[in-house]
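So this one's entry_1.cif, mmCIF, C-alpha atoms:
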data_structure
#
loop_
_atom_site.label_atom_id
_atom_site.label_comp_id
_atom_site.auth_asym_id
_atom_site.auth_seq_id
_atom_site.Cartn_x
_atom_site.Cartn_y
_atom_site.Cartn_z
CA MET I 1 97.14 51.65 137.58
CA GLY I 2 97.76 47.99 136.90
CA ILE I 3 95.96 44.83 138.00
CA ARG I 4 97.81 41.97 139.70
CA THR I 5 96.88 38.45 140.73
CA VAL I 6 98.43 36.23 143.39
CA ARG I 7 99.19 32.52 143.61
CA PRO I 8 95.99 30.73 144.65
CA LEU I 9 97.28 29.32 147.93
CA THR I 10 93.70 29.58 149.25
CA PRO I 11 90.36 29.31 147.40
CA GLY I 12 89.62 33.00 148.04
CA GLN I 13 92.81 34.07 146.29
CA ARG I 14 92.07 32.10 143.11
CA TRP I 15 89.82 34.77 141.53
CA ALA I 16 90.85 37.85 143.53
CA THR I 17 92.61 40.69 141.74
CA TYR I 18 94.36 43.63 143.36
CA PRO I 19 95.52 47.07 142.17
CA THR I 20 99.27 47.61 141.89
CA PHE I 21 99.14 51.17 143.32
CA GLU I 22 102.03 52.12 141.05
CA GLU I 23 100.66 55.66 140.67
CA ILE I 24 100.68 56.26 144.44
CA THR I 25 103.62 58.48 145.48
CA LYS I 26 102.74 59.13 149.14
CA THR I 27 101.31 56.65 151.64
CA LEU I 28 100.43 58.72 154.71
CA PRO I 29 97.81 61.49 154.26
CA GLU I 30 98.15 65.13 155.27
CA LYS I 31 96.97 65.14 158.88
CA LYS I 32 95.46 68.64 158.64
CA LEU I 33 93.38 67.57 155.63
CA THR I 34 91.73 64.61 157.37
CA GLN I 35 89.05 64.25 159.99
CA ALA I 36 87.51 61.45 162.04
CA LYS I 37 84.92 59.32 160.31
CA LYS I 38 82.07 58.28 162.58
CA ARG I 39 80.58 54.81 162.13
CA THR I 40 76.90 54.08 162.55
CA GLY I 41 76.70 50.43 161.46
CA GLY I 42 73.56 51.43 159.57
CA ARG I 43 71.75 52.39 162.79
CA ASN I 44 69.94 55.61 163.71
CA LEU I 45 69.91 57.46 167.04
CA HIS I 46 67.51 54.89 168.49
CA GLY I 47 69.79 51.98 167.59
CA HIS I 48 67.43 50.67 164.94
CA ILE I 49 68.89 49.43 161.66
CA THR I 50 67.80 51.85 158.92
CA CYS I 51 70.35 50.75 156.30
CA ARG I 52 71.00 47.03 156.17
CA HIS I 53 74.24 45.20 155.36
CA GLN I 54 76.56 47.76 156.98
CA GLY I 55 79.01 47.27 159.82
CA GLY I 56 82.61 46.42 160.68
CA GLY I 57 85.37 47.16 158.24
CA HIS I 58 88.77 48.74 158.53
CA LYS I 59 89.21 51.98 160.40
CA GLN I 60 89.33 55.01 158.08
CA ARG I 61 89.81 58.76 158.20
CA TYR I 62 87.97 61.06 155.83
CA ARG I 63 90.04 63.14 153.40
CA LEU I 64 88.78 66.69 152.91
CA ILE I 65 88.46 67.11 149.13
CA ASP I 66 88.21 70.51 147.45
CA PHE I 67 85.15 69.87 145.27
CA LYS I 68 84.42 73.60 144.95
CA ARG I 69 87.88 74.58 143.62
CA ASP I 70 87.17 78.01 145.11
CA LYS I 71 90.82 79.08 145.35
CA LYS I 72 90.55 81.14 142.19
CA ASP I 73 93.38 82.54 140.06
CA VAL I 74 96.09 80.94 142.21
CA SER I 75 98.23 78.28 140.56
CA GLY I 76 99.23 75.15 142.39
CA LYS I 77 101.66 72.30 141.91
CA ILE I 78 100.87 68.59 142.29
CA ILE I 79 103.20 67.24 144.95
CA ALA I 80 101.67 63.79 145.54
CA ILE I 81 99.13 61.25 144.28
CA GLU I 82 97.47 59.43 147.18
CA TYR I 83 95.06 56.59 147.91
CA ASP I 84 91.67 57.51 149.38
CA PRO I 85 89.74 54.72 151.16
CA ASN I 86 86.50 56.72 150.91
CA ARG I 87 86.26 56.69 147.09
CA THR I 88 87.21 54.61 144.08
CA ALA I 89 89.32 57.37 142.48
CA ARG I 90 92.76 58.59 143.50
CA ILE I 91 93.34 62.03 144.97
CA ALA I 92 96.09 64.57 144.31
CA LEU I 93 97.74 66.83 146.88
CA VAL I 94 98.12 70.38 145.55
CA GLU I 95 100.46 72.98 147.05
CA TYR I 96 99.58 76.52 145.98
CA THR I 97 101.98 79.42 145.69
CA ASP I 98 100.90 80.71 149.10
CA ARG I 99 101.93 77.34 150.66
CA GLU I 100 98.35 76.22 151.28
CA ARG I 101 97.67 72.56 150.55
CA ARG I 102 94.44 70.98 149.34
CA TYR I 103 93.24 67.66 147.99
CA ILE I 104 91.62 67.45 144.55
CA LEU I 105 90.38 64.49 142.50
CA ALA I 106 93.11 63.02 140.28
CA PRO I 107 92.22 62.64 136.58
CA VAL I 108 93.98 60.34 134.11
CA GLY I 109 97.46 61.60 133.23
CA LEU I 110 97.88 63.97 136.18
CA GLU I 111 101.38 63.54 137.56
CA VAL I 112 103.59 64.97 140.26
CA GLY I 113 105.03 68.30 139.12
CA ASN I 114 102.06 69.32 136.97
CA GLU I 115 100.55 72.76 137.57
CA VAL I 116 96.81 73.31 137.97
CA ILE I 117 94.67 76.39 138.45
CA ALA I 118 91.02 77.29 138.92
CA SER I 119 90.30 80.38 136.86
CA ALA I 120 87.78 81.63 134.31
CA GLU I 121 90.71 82.79 132.19
CA ALA I 122 92.74 79.59 132.44
CA GLU I 123 93.54 77.26 129.57
CA ALA I 124 91.29 74.19 129.22
CA ARG I 125 94.10 71.87 130.28
CA LEU I 126 94.16 68.67 132.34
CA GLY I 127 93.34 69.36 136.00
CA ASN I 128 92.28 72.98 135.49
CA ALA I 129 88.86 74.08 136.75
CA LEU I 130 86.83 76.50 134.63
CA PRO I 131 83.22 77.59 134.10
CA LEU I 132 81.38 75.57 131.46
CA GLN I 133 80.93 78.82 129.54
CA VAL I 134 84.63 78.94 128.54
CA ILE I 135 85.30 75.21 128.10
CA PRO I 136 85.22 74.20 124.40
CA VAL I 137 82.42 71.96 123.14
CA GLY I 138 83.48 68.31 123.03
CA THR I 139 85.81 68.57 126.02
CA VAL I 140 85.76 65.70 128.53
CA VAL I 141 85.27 66.95 132.10
CA HIS I 142 84.66 65.65 135.62
CA ASN I 143 83.60 67.03 139.00
CA VAL I 144 80.79 69.02 137.36
CA GLU I 145 78.63 71.36 139.43
CA LEU I 146 74.82 71.14 139.31
CA LYS I 147 74.26 74.32 141.29
CA ILE I 148 76.44 77.40 140.96
CA GLY I 149 78.97 77.53 143.79
CA LYS I 150 77.87 74.28 145.48
CA GLY I 151 80.83 72.23 144.29
CA GLY I 152 81.19 69.34 141.89
CA GLN I 153 78.59 66.57 142.12
CA LEU I 154 78.71 64.77 138.75
CA ALA I 155 81.36 62.37 137.35
CA ARG I 156 83.49 61.88 140.46
CA SER I 157 84.03 58.10 140.61
CA ALA I 158 86.92 56.14 139.09
CA GLY I 159 87.02 56.22 135.30
CA SER I 160 83.94 58.39 134.90
CA ALA I 161 83.72 61.46 132.70
CA ALA I 162 81.12 63.83 131.28
CA GLN I 163 81.26 65.51 127.89
CA ILE I 164 80.09 68.94 126.80
CA MET I 165 77.86 68.29 123.79
CA ALA I 166 76.57 71.79 123.02
CA LYS I 167 75.77 75.21 124.46
CA GLU I 168 72.46 76.98 124.05
CA GLY I 169 71.59 80.20 125.85
CA ASP I 170 72.37 80.00 129.55
CA TYR I 171 72.78 76.22 129.58
CA ALA I 172 75.25 73.63 128.36
CA HIS I 173 74.26 70.14 127.21
CA ILE I 174 76.25 67.64 129.27
CA ARG I 175 76.35 63.93 128.48
CA LEU I 176 76.79 62.06 131.75
CA PRO I 177 78.54 58.69 132.25
CA SER I 178 75.12 56.97 132.35
CA GLY I 179 74.31 58.23 128.84
CA GLU I 180 71.84 60.83 130.09
CA VAL I 181 72.03 64.29 128.49
CA ARG I 182 71.31 67.06 130.94
CA LEU I 183 71.16 70.85 130.97
CA VAL I 184 73.66 72.51 133.32
CA HIS I 185 74.05 76.28 133.73
CA ILE I 186 77.09 77.65 131.92
CA ASN I 187 78.25 79.45 135.09
CA CYS I 188 78.72 76.10 136.84
CA TRP I 189 82.34 74.94 137.11
CA ALA I 190 83.93 71.70 135.97
CA THR I 191 87.43 70.22 135.86
CA VAL I 192 89.05 69.14 132.61
CA GLY I 193 89.91 65.46 132.14
CA GLN I 194 88.62 61.96 132.82
CA MET I 195 88.76 60.52 136.31
CA GLY I 196 91.71 58.22 136.98
CA ASN I 197 91.93 54.63 138.22
CA ILE I 198 90.03 53.41 135.15
CA GLU I 199 90.76 49.70 135.84
CA HIS I 200 88.82 49.81 139.12
CA GLU I 201 85.71 48.29 137.55
CA THR I 202 87.68 45.20 136.47
CA LEU I 203 88.74 44.29 140.03
CA SER I 204 87.39 41.05 141.47
CA ILE I 205 86.82 40.94 145.24
CA GLY I 206 87.50 37.20 145.25
CA LYS I 207 86.30 36.33 148.76
CA ALA I 208 83.66 37.31 151.29
CA GLY I 209 86.21 38.50 153.83
CA ARG I 210 87.35 41.29 151.53
CA SER I 211 83.80 42.68 151.53
CA ARG I 212 83.88 42.66 155.33
CA TRP I 213 87.09 44.72 155.25
CA MET I 214 85.09 47.36 153.36
CA GLY I 215 82.29 47.34 155.94
CA ILE I 216 79.81 45.37 153.82
CA ARG I 217 77.91 42.70 155.75
CA PRO I 218 76.30 39.63 154.16
CA SER I 219 72.95 39.78 152.38
CA VAL I 220 70.40 36.97 152.72
CA ARG I 221 68.09 36.07 149.82
CA GLY I 222 64.42 36.77 150.43
CA VAL I 223 63.37 33.34 149.14
CA ALA I 224 65.56 31.73 151.80
CA MET I 225 63.61 33.46 154.62
CA ASN I 226 60.36 32.58 156.35
CA PRO I 227 57.05 34.19 155.30
CA HIS I 228 56.96 36.53 158.31
CA ASP I 229 60.47 37.80 157.46
CA HIS I 230 60.04 38.52 153.76
CA PRO I 231 57.18 38.60 151.20
CA MET I 232 59.10 36.10 149.05
CA GLY I 233 59.76 33.68 151.90
CA GLY I 234 58.25 30.27 152.60
CA GLY I 235 56.91 27.64 150.25
CA GLU I 236 57.39 23.91 149.97
CA GLY I 237 60.86 22.97 148.84
CA LYS I 238 63.00 25.47 146.97
CA SER I 239 60.69 28.25 145.78
CA SER I 240 61.51 31.18 143.51
CA GLY I 241 59.14 33.43 145.43
CA GLY I 242 56.03 33.23 143.31
CA ARG I 243 55.86 36.99 142.84
CA HIS I 244 57.82 39.90 141.45
CA PRO I 245 61.15 40.39 143.29
CA CYS I 246 60.75 42.92 146.06
CA SER I 247 62.26 44.27 149.27
CA PRO I 248 61.20 43.07 152.74
CA TRP I 249 58.70 45.95 152.76
CA GLY I 250 57.10 45.08 149.42
CA MET I 251 58.90 47.64 147.21
CA LYS I 252 59.60 46.15 143.77
CA SER I 253 63.32 45.76 143.22
CA LYS I 254 63.62 45.16 139.46
CA GLY I 255 62.45 47.68 136.90
CA PHE I 256 60.32 49.74 139.29
CA LYS I 257 60.95 53.46 138.81
CA THR I 258 61.31 55.31 142.09
CA ARG I 259 61.78 58.82 140.67
CA LYS I 260 58.83 61.17 141.11
CA ARG I 261 56.76 61.47 137.94
CA HIS I 262 56.71 65.29 138.09
CA HIS I 263 60.10 65.99 139.64
CA PRO I 264 61.06 69.70 139.46
CA THR I 265 64.41 68.96 137.79
CA SER I 266 62.95 66.76 135.05
CA ARG I 267 62.81 69.76 132.73
CA TYR I 268 66.64 69.82 132.72
CA ILE I 269 66.90 66.27 131.38
CA LEU I 270 67.01 66.29 127.57
CA LYS I 271 67.62 62.58 127.09
CA ARG I 272 67.13 59.79 129.60
CA ARG I 273 69.79 57.16 130.15
CA PRO I 274 69.18 54.00 128.07
CA SER I 275 67.23 51.27 129.84
CA LYS I 276 68.71 47.84 130.51
CA LYS I 277 66.25 46.30 128.04
CA LYS I 278 67.41 48.59 125.23
CA LYS I 279 71.06 47.91 126.09
CA GLY I 280 70.41 44.17 125.79
CA GLN I 281 68.68 44.59 122.44
CA GLN I 282 71.59 46.63 121.08
CA VAL I 283 74.11 44.00 122.13
CA ALA I 284 72.01 41.21 120.63
#
Write the structure described by the file as C-alpha cells, please.
Amino acid sequence: MGIRTVRPLTPGQRWATYPTFEEITKTLPEKKLTQAKKRTGGRNLHGHITCRHQGGGHKQRYRLIDFKRDKKDVSGKIIAIEYDPNRTARIALVEYTDRERRYILAPVGLEVGNEVIASAEAEARLGNALPLQVIPVGTVVHNVELKIGKGGQLARSAGSAAQIMAKEGDYAHIRLPSGEVRLVHINCWATVGQMGNIEHETLSIGKAGRSRWMGIRPSVRGVAMNPHDHPMGGGEGKSSGGRHPCSPWGMKSKGFKTRKRHHPTSRYILKRRPSKKKKGQQVA
C-alpha cells in the first residue's frame, strides 16, 4: 500500500494523507459473508451514554472473518484482496476446493492466486495456519490463539506480528507486538506472516470531519469544563487542573495501572512490555 497526498485546496487537506488502495482487487464484498452492524452511539439499553465520543459515521456492514481457520486440511485459493471498514488490516477472500468462500486476514505479500491451507502437516508458508507446536522457532506469525480452539486474538491489526522465541514443555514463548513475552500453549494455532497494510500508522487524518466519518465524536478537555463537570475544571484564568490528570470520575489517566495485581493469567507473562519511561530513556 502506498500513501498519497492531495493539493491543499482547503486547510484540512494540507496535512491529510490517504492510502492508495493499490492492493485492493475487489470493491464490493461477498454479500453472504457480511451482516448488519448495529449502532449504539455509545448508549446502553436505557439510553444513557456509557462510552463517550461515539456516534455518527458512515454506514458499514460487518465482514465475517475466519479467525478460527477451522476448515482443516482443505486447500484454498486467494481470489481477491478487499478493504474492510471494521479493521485497519486488509482481508483476503479464499475459495476452497469445495467452492466454499471465507474471509481471512491478509498478511504482507499475500496475492491473488496464492494457495493457503490450515493443517498440522502443512508447510510453514505465508498465509498457512498451523499449531505453534510445528511452526519453527523464530517464525513471524499473526492471528495467534490464546485459548485452544477459540480463534486468533493476538496480532491482528495492520502491520503487527508476533514471533516465536522458544518452546519449553507444553508452551511456546511468544513475543507480542508490544514487546511483551508470553506463554501460549503449543496446541494453539497461528498464521504465518506479518499483517499487511504496514503504512497505516503513518496516515494523517488531517481534519476533524474525517474523524466524524469514522464515528468518532469530539473530546473536550477536562480543564476547559466547570468544576461540577470534571475534577480538573474551574479555576481563575487558564488553569492546568492543579492535580494529576484524571477522568470525569476521578480515575487517573496517566501512568495508573488498571490491571489486577493478582490476575490469574499473570503467570503466563514472562516479560512485561517496556514502560514509556524506559522507552524514553533508551531513545535519549
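Closest approach to Leu176 in chain I among I:Cys246, I:Ile269, I:Leu93, I:Met232 is made by I:Ile269 (distances from only C-alpha atoms).
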request  = Dig up all the protein and nucleic acid residues within 12 Å of (66.8, 36.1, 151.3) in the file frame, using only C-alpha atoms, and format them as a list in words.
outcome  = Pro218, Ser219, Val220, Arg221, Gly222, Val223, Ala224, Met225, Asn226, Pro227, Asp229, His230, Pro231, Met232, Gly233, Gly234, Ser239, Ser240, Gly241, Pro245, Cys246, Ser247 and Pro248 of chain I
task = Report the residues retrieved by the PyMOL selection byres ((chain I and resi 64) around 8) from the displayed file, expressed as a list in words.
result = Leu33, Thr34, Gln35, Tyr62, Arg63, Ile65, Asp66, Arg102 and Tyr103 of chain I
query = the PyMOL selection byres ((chain I and resi 115-130) around 7) on the file shown: which residues, as number ranges by chain?
reply = I: 69, 71-78, 107, 113-114, 131-132, 134-135, 189-193
task = Run through the PyMOL selection byres ((chain I and resi 142) around 7) on the given coordinates and return the selected residues as a list in words.
result =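 Selected by the PyMOL selection byres ((chain I and resi 142) around 7) here: Val141, Asn143, Val144, Leu154, Ala155, Arg156, Ala161, Ala162, Ala190, Thr191, Val192, Gly193, Gln194 and Met195 of chain I.
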Output the selection as a PDB file, keeping the file's coordinate frame - C-alpha atoms for each residue.
ATOM      1  CA  VAL I 141      85.270  66.950 132.100  1.00  0.00           C
ATOM      2  CA  ASN I 143      83.600  67.030 139.000  1.00  0.00           C
ATOM      3  CA  VAL I 144      80.790  69.020 137.360  1.00  0.00           C
ATOM      4  CA  LEU I 154      78.710  64.770 138.750  1.00  0.00           C
ATOM      5  CA  ALA I 155      81.360  62.370 137.350  1.00  0.00           C
ATOM      6  CA  ARG I 156      83.490  61.880 140.460  1.00  0.00           C
ATOM      7  CA  ALA I 161      83.720  61.460 132.700  1.00  0.00           C
ATOM      8  CA  ALA I 162      81.120  63.830 131.280  1.00  0.00           C
ATOM      9  CA  ALA I 190      83.930  71.700 135.970  1.00  0.00           C
ATOM     10  CA  THR I 191      87.430  70.220 135.860  1.00  0.00           C
ATOM     11  CA  VAL I 192      89.050  69.140 132.610  1.00  0.00           C
ATOM     12  CA  GLY I 193      89.910  65.460 132.140  1.00  0.00           C
ATOM     13  CA  GLN I 194      88.620  61.960 132.820  1.00  0.00           C
ATOM     14  CA  MET I 195      88.760  60.520 136.310  1.00  0.00           C
TER      15      MET I 195
END
Could you rebuild range 58-85 of chain I with N, CA and C atoms and give me the result as a PDB file, in the frame of the given file?
ATOM      1  N   HIS I  58      87.525  48.143 158.062  1.00  0.00           N
ATOM      2  CA  HIS I  58      88.770  48.740 158.530  1.00  0.00           C
ATOM      3  C   HIS I  58      88.547  50.184 158.968  1.00  0.00           C
ATOM      4  N   LYS I  59      89.311  50.602 159.928  1.00  0.00           N
ATOM      5  CA  LYS I  59      89.210  51.980 160.400  1.00  0.00           C
ATOM      6  C   LYS I  59      89.707  52.945 159.313  1.00  0.00           C
ATOM      7  N   GLN I  60      88.980  54.050 159.127  1.00  0.00           N
ATOM      8  CA  GLN I  60      89.330  55.010 158.080  1.00  0.00           C
ATOM      9  C   GLN I  60      89.228  56.437 158.609  1.00  0.00           C
ATOM     10  N   ARG I  61      89.961  57.325 157.963  1.00  0.00           N
ATOM     11  CA  ARG I  61      89.810  58.760 158.200  1.00  0.00           C
ATOM     12  C   ARG I  61      89.366  59.415 156.901  1.00  0.00           C
ATOM     13  N   TYR I  62      88.495  60.395 157.018  1.00  0.00           N
ATOM     14  CA  TYR I  62      87.970  61.060 155.830  1.00  0.00           C
ATOM     15  C   TYR I  62      88.951  62.110 155.330  1.00  0.00           C
ATOM     16  N   ARG I  63      89.197  62.120 154.032  1.00  0.00           N
ATOM     17  CA  ARG I  63      90.040  63.140 153.400  1.00  0.00           C
ATOM     18  C   ARG I  63      89.166  64.293 152.933  1.00  0.00           C
ATOM     19  N   LEU I  64      89.536  65.503 153.290  1.00  0.00           N
ATOM     20  CA  LEU I  64      88.780  66.690 152.910  1.00  0.00           C
ATOM     21  C   LEU I  64      89.143  67.076 151.475  1.00  0.00           C
ATOM     22  N   ILE I  65      88.224  66.862 150.557  1.00  0.00           N
ATOM     23  CA  ILE I  65      88.460  67.110 149.130  1.00  0.00           C
ATOM     24  C   ILE I  65      87.903  68.473 148.749  1.00  0.00           C
ATOM     25  N   ASP I  66      88.649  69.199 147.937  1.00  0.00           N
ATOM     26  CA  ASP I  66      88.210  70.510 147.450  1.00  0.00           C
ATOM     27  C   ASP I  66      87.349  70.306 146.202  1.00  0.00           C
ATOM     28  N   PHE I  67      86.061  70.039 146.408  1.00  0.00           N
ATOM     29  CA  PHE I  67      85.150  69.870 145.270  1.00  0.00           C
ATOM     30  C   PHE I  67      84.771  71.219 144.666  1.00  0.00           C
ATOM     31  N   LYS I  68      84.836  72.279 145.452  1.00  0.00           N
ATOM     32  CA  LYS I  68      84.420  73.600 144.950  1.00  0.00           C
ATOM     33  C   LYS I  68      85.485  74.262 144.085  1.00  0.00           C
ATOM     34  N   ARG I  69      86.755  73.919 144.329  1.00  0.00           N
ATOM     35  CA  ARG I  69      87.880  74.580 143.620  1.00  0.00           C
ATOM     36  C   ARG I  69      87.712  76.096 143.699  1.00  0.00           C
ATOM     37  N   ASP I  70      87.467  76.590 144.921  1.00  0.00           N
ATOM     38  CA  ASP I  70      87.170  78.010 145.110  1.00  0.00           C
ATOM     39  C   ASP I  70      88.415  78.852 145.387  1.00  0.00           C
ATOM     40  N   LYS I  71      89.589  78.285 145.248  1.00  0.00           N
ATOM     41  CA  LYS I  71      90.820  79.080 145.350  1.00  0.00           C
ATOM     42  C   LYS I  71      91.145  79.562 143.939  1.00  0.00           C
ATOM     43  N   LYS I  72      90.520  80.671 143.576  1.00  0.00           N
ATOM     44  CA  LYS I  72      90.550  81.140 142.190  1.00  0.00           C
ATOM     45  C   LYS I  72      91.825  81.921 141.876  1.00  0.00           C
ATOM     46  N   ASP I  73      92.263  81.777 140.628  1.00  0.00           N
ATOM     47  CA  ASP I  73      93.380  82.540 140.060  1.00  0.00           C
ATOM     48  C   ASP I  73      94.692  82.368 140.818  1.00  0.00           C
ATOM     49  N   VAL I  74      94.836  81.255 141.517  1.00  0.00           N
ATOM     50  CA  VAL I  74      96.090  80.940 142.210  1.00  0.00           C
ATOM     51  C   VAL I  74      96.554  79.577 141.712  1.00  0.00           C
ATOM     52  N   SER I  75      97.736  79.543 141.118  1.00  0.00           N
ATOM     53  CA  SER I  75      98.230  78.280 140.560  1.00  0.00           C
ATOM     54  C   SER I  75      98.793  77.399 141.668  1.00  0.00           C
ATOM     55  N   GLY I  76      98.713  76.120 141.439  1.00  0.00           N
ATOM     56  CA  GLY I  76      99.230  75.150 142.390  1.00  0.00           C
ATOM     57  C   GLY I  76      99.995  74.055 141.693  1.00  0.00           C
ATOM     58  N   LYS I  77     100.827  73.357 142.457  1.00  0.00           N
ATOM     59  CA  LYS I  77     101.660  72.300 141.910  1.00  0.00           C
ATOM     60  C   LYS I  77     101.295  70.972 142.568  1.00  0.00           C
ATOM     61  N   ILE I  78     101.164  69.925 141.766  1.00  0.00           N
ATOM     62  CA  ILE I  78     100.870  68.590 142.290  1.00  0.00           C
ATOM     63  C   ILE I  78     102.131  68.048 142.953  1.00  0.00           C
ATOM     64  N   ILE I  79     102.026  67.744 144.244  1.00  0.00           N
ATOM     65  CA  ILE I  79     103.200  67.240 144.950  1.00  0.00           C
ATOM     66  C   ILE I  79     103.059  65.771 145.346  1.00  0.00           C
ATOM     67  N   ALA I  80     101.847  65.195 145.198  1.00  0.00           N
ATOM     68  CA  ALA I  80     101.670  63.790 145.540  1.00  0.00           C
ATOM     69  C   ALA I  80     100.360  63.268 144.974  1.00  0.00           C
ATOM     70  N   ILE I  81     100.356  61.978 144.638  1.00  0.00           N
ATOM     71  CA  ILE I  81      99.130  61.250 144.280  1.00  0.00           C
ATOM     72  C   ILE I  81      98.902  60.233 145.391  1.00  0.00           C
ATOM     73  N   GLU I  82      97.721  60.251 146.003  1.00  0.00           N
ATOM     74  CA  GLU I  82      97.470  59.430 147.180  1.00  0.00           C
ATOM     75  C   GLU I  82      96.252  58.524 146.995  1.00  0.00           C
ATOM     76  N   TYR I  83      96.207  57.500 147.837  1.00  0.00           N
ATOM     77  CA  TYR I  83      95.060  56.590 147.910  1.00  0.00           C
ATOM     78  C   TYR I  83      94.027  57.170 148.867  1.00  0.00           C
ATOM     79  N   ASP I  84      92.754  57.047 148.509  1.00  0.00           N
ATOM     80  CA  ASP I  84      91.670  57.510 149.380  1.00  0.00           C
ATOM     81  C   ASP I  84      90.728  56.333 149.629  1.00  0.00           C
ATOM     82  N   PRO I  85      90.610  55.860 150.881  1.00  0.00           N
ATOM     83  CA  PRO I  85      89.740  54.720 151.160  1.00  0.00           C
ATOM     84  C   PRO I  85      88.255  55.036 151.055  1.00  0.00           C
TER      85      PRO I  85
END
